[in-house]
Every structure is written in C-alpha cells, then in structure tokens.
Amino acid sequence: MIAKSLRDHRRALIWWTVGISAFMALYISIFRSVSQDPRTFNQQALAKYPGPLRDLMGGMPDLALGVNFLQTVVYQLFVPMLFVVLATMLANRAIAQPEEAGTLELVVTLPVDRKRLVLQRFCALALALLAVFAATLAVAWTAADAAEIGVPFGRVLAAHVGVLLLALFFGTVALTVGAVTGRRMIASSVVGVWVAAGYIVVTLGRGVAAIAWLKWLSPFHYYAEGRPLYEGLPVGDYLVLAGATAVLVLTAILSFDRRDVGV
C-alpha cells in the first residue's frame, strides 16, 4: 500500500520538486549580484519590507552576508511554506479525500487492519517528503556553492532537515484531523490556522509579552529557534518536532480505528 501511494503521488512529487528546486536555484543565484553591490541591495530590501513585514521575514539582517541571505530567501519563510503546503496536500489524499470520494469505505471493508492502513499512509507521506527533501537539498547546496554563499554543507543540511520535520509535522496534523473527521476542508483549515498563528507568534509576537509565551505551541519555534544555518543541528528542538509528530500518528491510528467511515 505504501508503494501504491507513492505511485499515485509521483506526478505531484515530480512537479513540486521541480518547482521548489527552481525557486531556490533562482533566488540563491541572485546572491552574486548582492555581493557585488551590498549597500544598494540592502537599502532596496529594507524599503520593500518596512516595519512588520521585515519582522515577518526574520528581521532581514545584512543580506550581503551569505548565511543571512540564504536564511532570508530560502529557509525563513518561502521554502518551509511550500513544503508545508505539499505535505498537507499529500496528507489529505491519504484519508480525508478518498473518504469524501467514497473510495475509502471500500478499502476498509477489505481484510486490511485499520491501524496498519493509517500507519502505511503516514509512511508513504514521510517517504514522499523525504524524496523531495533529498532532491531539493542537492539543489540548494549546489546553487549555494555555485553562488559562493560560503555556508558549510553541514549547516545547509541542518536547516533542510528542519524543513522536512516541520512539513512532516503539519502533514501529520492534516492526516490526524482527516482521520478524526474524514473532512479535507477541516484538516486544511486546522493546518492553515496553526501555520499562520504559529509563524506570527515567533516573528511579530516575539516582542509582545501577552502572546510571547505561545511560542512554545508553535512548531516554527522549534524549527528556527536553534538557528541551524548558523549554529548547526539543534537536536533538542528537532526531537520535539519528531516527538510531537509521533504523538499525532498515534492519535490518528487510534481515532480512525474507532470511527465509522463514510458516515
């Protein structure tokens, strides 16, 4: 069933991989121009993203420094969000979408254990994201090296692992909500609200005492707080994301096993 799910996803995975890779390669290649005229580019960037927009982009430190540029244009917002959207789409295809289409009801009438079904759909999701992770990591490192950004491969790998874990977490959120409700729209809405609120809390809300404590509920805190592109692999933070994902998988398995499908 894992192999079948991957075959069903192959076209989407190819196009998403191509799209994310092209995005990264294009934006990383701009660094050569930035390094040649850093003052002008920094002024333009600050003018384009004033005030709160600058906070949403991580503060936009000196972009003439390779690590700052790579963090801002790749790992701060755009690539993580693309991965999260992909993960949510794939997760919805696992349970909620086939249930709404009426095909999942037929599957569960077969001699297939429900717990195993959910676990296999999760494994297919994880393997699909891993494939996109591997391909885009190769592109990110190749493009960064060609642009002479000057960030070691280990730091790029650490940041890319964070993207994978973040996407897998939100994909599992969608899978779990789909397993509980059987509704794709509800699953997508839960992910969308959590993503938006979680990102705002760790960017705009960082200096607001009333909501700053909510960072502990934001997956983006564990994704970015360890500054992997600057300091290497933040093992503790990444273990939190992995552990939370495991809890969600268990919740999805137990919930789907006890629920009537197609009702």
# chains A, B, ... in the order shown; residues from 1 in each chain; ligands from 1
$ residues_around --residues "range 233-238 of chain A" --least-positions-apart "5" --cutoff "6 Å" --atoms "only C-alpha atoms" --output "ChimeraX atom specification"
/A:158,222,226,228
$ write_last_selection --atoms "N, CA and C atoms" --output "mmCIF file, in the first residue's frame"
data_model
loop_
_atom_site.group_PDB
_atom_site.id
_atom_site.type_symbol
_atom_site.label_atom_id
_atom_site.label_comp_id
_atom_site.auth_asym_id
_atom_site.auth_seq_id
_atom_site.Cartn_x
_atom_site.Cartn_y
_atom_site.Cartn_z
ATOM 1 N N ALA A 158 21.456 20.806 8.062
ATOM 2 C CA ALA A 158 20.721 21.002 9.312
ATOM 3 C C ALA A 158 19.451 21.823 9.086
ATOM 4 N N TYR A 222 10.446 25.628 17.248
ATOM 5 C CA TYR A 222 11.385 24.501 17.287
ATOM 6 C C TYR A 222 12.103 24.337 15.947
ATOM 7 N N GLY A 226 16.726 27.320 17.062
ATOM 8 C CA GLY A 226 18.094 26.807 17.202
ATOM 9 C C GLY A 226 19.066 27.349 16.174
ATOM 10 N N PRO A 228 19.760 26.705 12.893
ATOM 11 C CA PRO A 228 20.600 25.636 12.327
ATOM 12 C C PRO A 228 21.563 26.101 11.249
#
$ residues_around --residues "Gly192 in chain A" --least-positions-apart "5" --cutoff "10 Å" --atoms "only C-alpha atoms" --output "number ranges by chain"
A: 84-85, 88, 170, 174, 186-187, 197-198
$ select_by_dssp --residues "range 8-249 of chain A" --states "helix (DSSP H, G or I)" --output "PyMOL selection string"
chain A and resi 8-29+31-36+38-48+51-56+66-75+78-94+96-101+104-109+114-146+153-181+184-202+204-207+209-217+219-224+228-231+235-249
$ residues_around --residues "Arg93 in chain A" --least-positions-apart "6" --cutoff "10 Å" --atoms "only C-alpha atoms" --output "list in words"
Ser5, Asp8, His9, Ala87, Glu99, Arg121, Leu125, Ala174, Leu175, Gly178 and Arg184 of chain A
$ residues_around --residues "Pro80 in chain A" --least-positions-apart "3" --cutoff "8 Å" --atoms "only C-alpha atoms" --output "count of residues only"
8
$ atom_distance --atom1 "CA of Val156 in chain A" --atom2 "CA of Arg39 in chain A"
25.6 Å
$ closest_residue --among "A:Ala64, A:Arg183, A:Arg258, A:Gly232" --to "Gly102 in chain A" --atoms "only C-alpha atoms"
A:Arg183
$ closest_residue --among "A:Asp55, A:Asp260, A:Glu148, A:Asp113" --to "Ser35 in chain A" --atoms "only C-alpha atoms"
A:Glu148
$ residues_around --residues "Arg259 in chain A" --least-positions-apart "4" --cutoff "9 Å" --atoms "only C-alpha atoms" --output "list of chain:residue names"
A:Ala179, A:Val180, A:Thr181, A:Leu254, A:Ser255
$ closest_residue --among "A:Phe69, A:Trp216, A:Phe23, A:Phe153" --to "Tyr199 in chain A" --atoms "only C-alpha atoms"
A:Trp216
$ residues_around --residues "Thr245 in chain A" --least-positions-apart "3" --cutoff "10 Å" --atoms "only C-alpha atoms" --output "count of residues only"
17
$ residues_around --residues "Gln43 in chain A" --least-positions-apart "5" --cutoff "10 Å" --atoms "only C-alpha atoms" --output "ChimeraX atom specification"
/A:38,48,62
$ closest_residue --among "A:Tyr230, A:Ser21, A:Leu63, A:Arg114" --to "Gly154 in chain A" --atoms "only C-alpha atoms"
A:Tyr230
$ decode --residues "range 194-210 of chain A" --atoms "N, CA and C atoms" --output "short mmCIF file (atom, residue, chain, number, x, y, z; two decimals), in the first residue's frame"
data_model
loop_
_atom_site.label_atom_id
_atom_site.label_comp_id
_atom_site.auth_asym_id
_atom_site.auth_seq_id
_atom_site.Cartn_x
_atom_site.Cartn_y
_atom_site.Cartn_z
N TRP A 194 -3.04 27.04 12.22
CA TRP A 194 -1.87 26.77 13.07
C TRP A 194 -0.61 27.34 12.45
N VAL A 195 -0.47 27.18 11.14
CA VAL A 195 0.71 27.72 10.45
C VAL A 195 0.75 29.24 10.58
N ALA A 196 -0.36 29.91 10.26
CA ALA A 196 -0.38 31.37 10.31
C ALA A 196 -0.15 31.89 11.72
N ALA A 197 -0.88 31.34 12.68
CA ALA A 197 -0.76 31.79 14.06
C ALA A 197 0.63 31.48 14.62
N GLY A 198 1.12 30.29 14.32
CA GLY A 198 2.43 29.89 14.85
C GLY A 198 3.55 30.74 14.30
N TYR A 199 3.47 31.08 13.03
CA TYR A 199 4.53 31.90 12.43
C TYR A 199 4.48 33.32 12.96
N ILE A 200 3.29 33.87 13.09
CA ILE A 200 3.15 35.24 13.60
C ILE A 200 3.66 35.34 15.03
N VAL A 201 3.38 34.33 15.84
CA VAL A 201 3.81 34.34 17.24
C VAL A 201 5.33 34.43 17.35
N VAL A 202 6.05 33.71 16.49
CA VAL A 202 7.51 33.69 16.62
C VAL A 202 8.19 34.79 15.83
N THR A 203 7.43 35.61 15.12
CA THR A 203 8.01 36.74 14.40
C THR A 203 7.46 38.05 14.96
N LEU A 204 6.26 38.42 14.58
CA LEU A 204 5.67 39.67 15.06
C LEU A 204 5.42 39.63 16.56
N GLY A 205 5.07 38.46 17.09
CA GLY A 205 4.70 38.38 18.50
C GLY A 205 5.86 38.18 19.45
N ARG A 206 7.07 38.12 18.93
CA ARG A 206 8.23 37.86 19.77
C ARG A 206 8.42 38.92 20.84
N GLY A 207 8.13 40.16 20.50
CA GLY A 207 8.32 41.24 21.47
C GLY A 207 7.06 41.63 22.20
N VAL A 208 5.99 40.88 22.03
CA VAL A 208 4.72 41.18 22.70
C VAL A 208 4.54 40.22 23.86
N ALA A 209 4.68 40.73 25.07
CA ALA A 209 4.69 39.86 26.25
C ALA A 209 3.41 39.04 26.39
N ALA A 210 2.28 39.62 25.97
CA ALA A 210 1.00 38.94 26.17
C ALA A 210 0.89 37.65 25.38
#
